[in-house]
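Q: Input structure: coords_39.cif, which contains mmCIF, C-alpha atoms.
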data_target
#
loop_
_atom_site.label_atom_id
_atom_site.label_comp_id
_atom_site.auth_asym_id
_atom_site.auth_seq_id
_atom_site.Cartn_x
_atom_site.Cartn_y
_atom_site.Cartn_z
CA GLN Q 28 11.15 -10.28 -10.02
CA ARG Q 29 11.71 -8.04 -13.01
CA THR Q 30 14.65 -5.98 -14.27
CA GLY Q 31 16.51 -6.21 -10.96
CA LEU Q 32 13.55 -4.90 -8.95
CA LYS Q 33 12.76 -7.57 -6.36
CA TYR Q 34 9.09 -8.04 -5.48
CA GLU Q 35 6.26 -10.45 -6.21
CA ASP Q 36 2.69 -9.91 -7.34
CA VAL Q 37 -0.32 -12.01 -6.34
CA PHE Q 38 -3.22 -12.50 -8.76
CA VAL Q 39 -6.63 -11.86 -7.17
CA ARG Q 40 -9.86 -13.00 -8.85
CA TYR Q 41 -12.57 -10.43 -8.18
CA SER Q 42 -16.14 -10.31 -9.49
CA LYS Q 43 -15.70 -6.67 -10.50
CA GLY Q 44 -12.43 -7.33 -12.35
CA ASP Q 45 -9.34 -9.38 -11.57
CA PHE Q 46 -6.19 -7.56 -10.45
CA TYR Q 47 -2.66 -8.04 -9.14
CA VAL Q 48 -1.44 -6.94 -5.72
CA MET Q 49 2.13 -6.81 -4.45
CA LYS Q 50 2.67 -9.72 -2.06
CA THR Q 51 4.20 -7.45 0.61
CA GLN Q 52 4.23 -3.79 1.39
CA VAL Q 53 6.72 -1.80 -0.70
CA THR Q 54 10.17 -2.13 0.84
CA GLN Q 55 12.60 0.74 1.23
CA LYS Q 56 14.93 -1.09 -1.14
CA LEU Q 57 12.30 -1.16 -3.91
CA TRP Q 58 11.20 2.44 -3.25
CA LYS Q 59 14.79 3.68 -3.47
CA ALA Q 60 15.49 1.62 -6.63
CA VAL Q 61 12.51 3.31 -8.30
CA THR Q 62 12.70 6.88 -6.91
CA ASP Q 63 16.36 7.27 -5.78
CA GLU Q 64 14.99 8.46 -2.42
CA ASN Q 65 14.13 6.96 0.97
CA PRO Q 66 11.98 9.21 3.17
CA SER Q 67 11.50 6.58 5.90
CA ASN Q 68 12.13 7.29 9.56
CA PHE Q 69 12.99 3.65 10.40
CA LYS Q 70 15.80 2.65 8.02
CA GLY Q 71 16.32 -0.82 6.58
CA GLU Q 72 16.15 -2.29 3.06
CA ASP Q 73 13.52 -4.90 4.00
CA LEU Q 74 11.43 -2.54 6.12
CA PRO Q 75 8.31 -1.06 4.51
CA VAL Q 76 8.72 2.45 3.19
CA GLU Q 77 6.92 4.98 5.38
CA LYS Q 78 6.45 8.72 5.62
CA VAL Q 79 5.04 8.70 2.07
CA SER Q 80 1.96 10.60 1.03
CA TRP Q 81 -0.80 9.53 -1.30
CA PHE Q 82 0.84 11.73 -3.94
CA ASP Q 83 4.20 10.02 -3.39
CA CYS Q 84 2.56 6.64 -3.92
CA ILE Q 85 0.92 7.53 -7.24
CA LEU Q 86 4.22 9.01 -8.45
CA PHE Q 87 5.96 5.79 -7.35
CA ALA Q 88 3.39 3.70 -9.27
CA ASN Q 89 4.02 5.69 -12.45
CA LYS Q 90 7.80 5.48 -12.05
CA LEU Q 91 7.64 1.71 -11.45
CA SER Q 92 5.47 1.32 -14.55
CA GLU Q 93 7.99 3.30 -16.60
CA LYS Q 94 10.91 1.19 -15.36
CA LEU Q 95 9.06 -1.97 -16.39
CA GLY Q 96 7.99 -0.64 -19.79
CA LEU Q 97 4.31 -0.49 -18.84
CA GLU Q 98 1.84 2.28 -19.63
CA LYS Q 99 1.47 4.79 -16.79
CA VAL Q 100 -1.95 4.77 -15.12
CA TYR Q 101 -1.89 8.31 -13.74
CA GLU Q 102 -1.83 11.63 -15.54
CA ILE Q 103 -0.19 13.84 -12.93
CA PRO Q 104 0.02 17.67 -12.83
CA LYS Q 105 3.57 18.96 -13.39
CA GLU Q 106 3.63 20.69 -9.98
CA LEU Q 107 3.21 17.33 -8.23
CA THR Q 108 6.57 15.95 -7.06
CA LEU Q 109 7.76 13.52 -4.39
CA GLY Q 110 7.20 15.09 -0.99
CA SER Q 111 4.28 17.29 -2.17
CA SER Q 112 1.73 18.19 0.45
CA GLN Q 113 -1.67 16.50 0.41
CA ASP Q 114 -3.46 19.41 -1.25
CA LYS Q 115 -7.03 18.34 -2.05
CA ASP Q 116 -7.31 20.65 -5.09
CA LEU Q 117 -4.11 19.22 -6.57
CA ALA Q 118 -5.36 15.69 -5.90
CA LYS Q 119 -8.48 16.41 -7.95
CA LYS Q 120 -6.26 17.14 -10.98
CA VAL Q 121 -4.88 13.57 -11.03
CA LYS Q 122 -6.49 11.68 -13.92
CA VAL Q 123 -6.67 7.90 -14.38
CA ASN Q 124 -6.12 6.02 -17.63
CA LYS Q 125 -8.27 2.96 -16.91
CA SER Q 126 -6.98 1.10 -19.96
CA ALA Q 127 -3.30 1.41 -18.92
CA ASN Q 128 -1.48 -1.76 -17.87
CA GLY Q 129 0.85 -0.12 -15.34
CA TYR Q 130 0.94 -0.07 -11.55
CA ARG Q 131 -1.58 1.85 -9.46
CA LEU Q 132 -2.96 2.10 -5.97
CA PRO Q 133 -5.83 -0.30 -5.29
CA LEU Q 134 -9.33 1.07 -5.16
CA GLU Q 135 -10.70 0.81 -1.65
CA ALA Q 136 -13.16 -1.91 -2.73
CA GLU Q 137 -10.23 -3.92 -4.17
CA TRP Q 138 -8.21 -3.46 -0.98
CA LYS Q 139 -11.20 -4.61 1.13
CA TYR Q 140 -11.55 -7.71 -1.02
CA ALA Q 141 -7.81 -8.52 -1.05
CA VAL Q 142 -7.32 -8.01 2.70
CA ARG Q 143 -9.92 -10.66 3.50
CA GLY Q 144 -8.07 -13.23 1.41
CA GLY Q 145 -11.22 -15.25 0.80
CA GLU Q 146 -11.57 -15.73 4.56
CA ASN Q 147 -13.70 -14.19 7.29
CA TYR Q 148 -11.23 -13.08 9.95
CA THR Q 149 -11.04 -9.92 12.04
CA TYR Q 150 -7.52 -9.24 10.72
CA ALA Q 151 -5.84 -10.12 7.41
CA GLY Q 152 -5.39 -13.88 7.82
CA SER Q 153 -6.36 -14.49 11.46
CA ASN Q 154 -8.53 -13.51 14.40
CA ASN Q 155 -5.26 -13.15 16.36
CA LEU Q 156 -3.41 -9.99 15.29
CA ASP Q 157 -0.13 -11.20 16.83
CA GLU Q 158 -0.03 -13.93 14.14
CA VAL Q 159 -0.38 -11.58 11.17
CA GLY Q 160 0.58 -8.03 12.09
CA TRP Q 161 2.86 -5.59 13.85
CA TYR Q 162 0.90 -3.14 16.01
CA TYR Q 163 1.24 -1.10 19.21
CA ASP Q 164 1.39 -4.08 21.58
CA ASN Q 165 4.06 -6.10 19.74
CA SER Q 166 6.00 -3.72 17.48
CA GLY Q 167 8.44 -2.28 20.01
CA SER Q 168 7.49 1.15 18.62
CA LYS Q 169 8.96 0.54 15.15
CA THR Q 170 8.25 -1.06 11.79
CA HIS Q 171 9.45 -4.58 10.97
CA PRO Q 172 10.72 -6.37 7.83
CA VAL Q 173 7.86 -7.23 5.46
CA GLY Q 174 6.51 -10.75 5.06
CA LYS Q 175 7.65 -12.15 8.43
CA LYS Q 176 4.19 -12.81 9.87
CA LYS Q 177 1.52 -15.22 8.59
CA SER Q 178 -0.10 -14.27 5.25
CA ASN Q 179 -3.81 -14.09 4.51
CA GLY Q 180 -5.60 -16.65 2.31
CA TYR Q 181 -4.34 -15.01 -0.90
CA GLY Q 182 -0.72 -15.06 0.25
CA LEU Q 183 -0.61 -11.32 1.01
CA TYR Q 184 1.41 -10.13 4.01
CA ASP Q 185 1.17 -7.24 6.50
CA MET Q 186 -2.22 -5.98 5.38
CA SER Q 187 -3.09 -5.59 9.08
CA GLY Q 188 -0.44 -3.51 10.84
CA ASN Q 189 3.18 -2.51 10.13
CA VAL Q 190 2.37 0.56 7.98
CA LEU Q 191 -0.89 2.06 6.73
CA GLU Q 192 -1.77 1.43 3.08
CA TRP Q 193 -3.08 4.11 0.73
CA CYS Q 194 -6.04 3.46 -1.56
CA PHE Q 195 -6.78 5.56 -4.63
CA ASP Q 196 -10.25 6.66 -3.54
CA ALA Q 197 -11.08 9.89 -1.81
CA SER Q 198 -13.47 10.23 1.10
CA GLY Q 199 -14.74 13.76 0.69
CA SER Q 200 -11.59 15.90 0.50
CA TYR Q 201 -9.41 13.28 2.25
CA ARG Q 202 -7.41 10.35 0.84
CA VAL Q 203 -8.26 6.88 2.17
CA TYR Q 204 -5.79 4.59 3.95
CA ARG Q 205 -6.41 1.18 5.49
CA GLY Q 206 -4.88 -1.59 7.57
CA GLY Q 207 -3.50 0.04 10.71
CA SER Q 208 0.16 0.38 11.63
CA TRP Q 209 2.91 -0.42 14.13
CA PHE Q 210 1.69 2.56 16.18
CA ASP Q 211 -2.03 1.63 16.25
CA SER Q 212 -3.97 -0.44 18.76
CA ALA Q 213 -5.46 -3.72 17.53
CA LYS Q 214 -8.90 -2.21 16.91
CA TYR Q 215 -7.46 0.04 14.16
CA CYS Q 216 -5.84 -2.92 12.36
CA ARG Q 217 -9.14 -4.74 11.74
CA VAL Q 218 -10.01 -5.38 8.08
CA ALA Q 219 -13.25 -3.40 8.50
CA VAL Q 220 -11.64 -0.16 9.72
CA ARG Q 221 -11.11 2.77 7.34
CA SER Q 222 -9.30 6.06 7.88
#
Since I need it in another form, could you write the structure as structure tokens?
A:
Amino acid sequence: QRTGLKYEDVFVRYSKGDFYVMKTQVTQKLWKAVTDENPSNFKGEDLPVEKVSWFDCILFANKLSEKLGLEKVYEIPKELTLGSSQDKDLAKKVKVNKSANGYRLPLEAEWKYAVRGGENYTYAGSNNLDEVGWYYDNSGSKTHPVGKKKSNGYGLYDMSGNVLEWCFDASGSYRVYRGGSWFDSAKYCRVAVRS
């Protein structure tokens, strides 16, 4: 918890470089505290923010870094603002300062490592999705407050289900997201699935 912004980070040891990951998905309360906006369809301070693009997430990371006095990771074109469309040419203009100490989206390889939590389960923390995630069969067609299901081995919550999670990488001209959501069937919430 820093400067009135409530969240926790988890330290992950990784052979390609250690990193921190937020313990839960970004809540609407945190998103609004950083951006002064809440684009989510399902409203609630402890619900994960949704209806955010890859662009929105890199802007959020830079704004959070600024609020905490950290160096921004992304160099972002001036025409990129919250709510921008997912234009592949504009995405190519985003530059990364690898030496910066601020917040960023995980690389897909980092996400794949973190989601497993040092374990070998089908979902993040279990072979039973009902224990660890909100998905089509148990969500009631809506998102749920973060951190209410069982965590994975690293203490990370909701990495299978609830809302999809953006990674920094591109797959061709598309941005990569992982983890499945409240709307997806169980097969799309598996740790191995990419979209």
Q: Suppose you want the space between atom CA of Lys90 of chain Q and atom CA of Val37 of chain Q; what is it in Å?
A: 20.1 Å
Q: Which residue out of Q:Val79, Q:Pro172, Q:Trp209, Q:Phe195 has the minimum interatomic distance to Lys122 of chain Q when all atoms listed in the file are used?
A: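 Under the stated criterion, the closest residue is Q:Phe195.
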Q: Considering all atoms listed in the file, can you say which of Q:Leu107, Q:Leu97, Q:Ala141, Q:Ala151 comes closest to Ala127 of chain Q?
A: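 Closest to Ala127 of chain Q, using all atoms listed in the file: Q:Leu97.
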Q: Determine, counting all atoms listed in the file, which protein, DNA and RNA residues have an atom within 12 Å of an atom of Pro104 of chain Q; residues of the same chain fewer than 3 positions away are not included. Present the result as a ChimeraX atom specification.
A: /Q:82,85-86,101,107-108,111,116-123
Q: Here is a test: counting all atoms listed in the file, which residue of Q:Lys56, Q:His171, Q:Lys176, Q:Lys70 is nearest to Tyr34 of chain Q?
A: Q:Lys56
Q: Enter the distance from atom CA of Val159 of chain Q to atom CA of Leu191 of chain Q, in Å, rounded to one decimal.
A: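 For atom CA of Val159 of chain Q relative to atom CA of Leu191 of chain Q, the distance reads 14.4 Å.
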Q: Find, counting all atoms listed in the file, the residue in Q:Met49, Q:Ala136, Q:Leu95, Q:Val100 that gets nearest to Asp185 of chain Q.
A: Q:Met49
Q: For a quick check of your reading of the model, name the residues lying within 8 Å of the coordinate (12.3, -6.9, 6.8), counting all atoms listed in the file, and write them as a PyMOL selection string.
A: chain Q and resi 54+71-75+171-175
Q: So what do you get for atom CA of Leu134 of chain Q versus atom CA of Ser166 of chain Q, distance-wise?
A: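 So the two atoms, atom CA of Leu134 of chain Q and atom CA of Ser166 of chain Q, lie 27.8 Å apart.
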Q: Let me know the residues the PyMOL selection byres ((chain Q and resi 203) around 8) catches in the file above, as a PyMOL selection string.
A: chain Q and resi 135+193-198+201-202+204-205+221-222
Q: Suppose a student applies the PyMOL selection byres ((chain Q and resi 190) around 9) to this structure; what residues should they get, written as a ChimeraX atom specification?
A: /Q:52,75-77,161-162,170,185-189,191-192,206-210
Q: Is it possible to get the residues within 7 Å of (4.0, 4.1, -10.8) (coordinates as in the file, counting all atoms listed in the file) written as a short mmCIF file (atom, residue, chain, number, x, y, z; two decimals) with C-alpha atoms, keeping the file's coordinate frame?
A:
data_model
loop_
_atom_site.label_atom_id
_atom_site.label_comp_id
_atom_site.auth_asym_id
_atom_site.auth_seq_id
_atom_site.Cartn_x
_atom_site.Cartn_y
_atom_site.Cartn_z
CA ILE Q 85 0.92 7.53 -7.24
CA LEU Q 86 4.22 9.01 -8.45
CA PHE Q 87 5.96 5.79 -7.35
CA ALA Q 88 3.39 3.70 -9.27
CA ASN Q 89 4.02 5.69 -12.45
CA LYS Q 90 7.80 5.48 -12.05
CA LEU Q 91 7.64 1.71 -11.45
CA SER Q 92 5.47 1.32 -14.55
CA LYS Q 99 1.47 4.79 -16.79
CA GLY Q 129 0.85 -0.12 -15.34
CA TYR Q 130 0.94 -0.07 -11.55
CA ARG Q 131 -1.58 1.85 -9.46
#
Q: Counting only C-alpha atoms, figure out which residue out of Q:Phe69, Q:Tyr148, Q:Glu137, Q:Trp81 gets nearest to Lys43 of chain Q.
A: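 Of Q:Phe69, Q:Tyr148, Q:Glu137, Q:Trp81, the one nearest Lys43 of chain Q, counting only C-alpha atoms, is Q:Glu137.
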Q: Using the chain letters and residue numbers of this document, give as a list in words the residues selected by the PyMOL selection byres ((chain Q and resi 64) around 12).
A: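 Applying the expression gives Gln55, Lys56, Leu57, Trp58, Lys59, Ala60, Val61, Thr62, Asp63, Asn65, Pro66, Ser67, Lys70, Val76, Glu77, Lys78, Val79, Asp83, Phe87, Leu109 and Gly110 of chain Q.
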Q: Just need the box for segment 166-172 of chain Q, edges along x, y and z, holding every atom the file lists for it with 4 Å tacked onto each side, so centre and edge lengths in Å to one decimal, as lines of an AutoDock Vina configuration file.
A:
center_x = 8.4
center_y = -2.6
center_z = 13.9
size_x = 12.7
size_y = 15.5
size_z = 20.2
Q: With distances taken over only C-alpha atoms, which residue among Q:Phe38, Q:Tyr215, Q:Tyr181, Q:Tyr47 lies nearest Gly145 of chain Q?
A: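 Going through Q:Phe38, Q:Tyr215, Q:Tyr181, Q:Tyr47 one by one, the smallest distance to Gly145 of chain Q is for Q:Tyr181.
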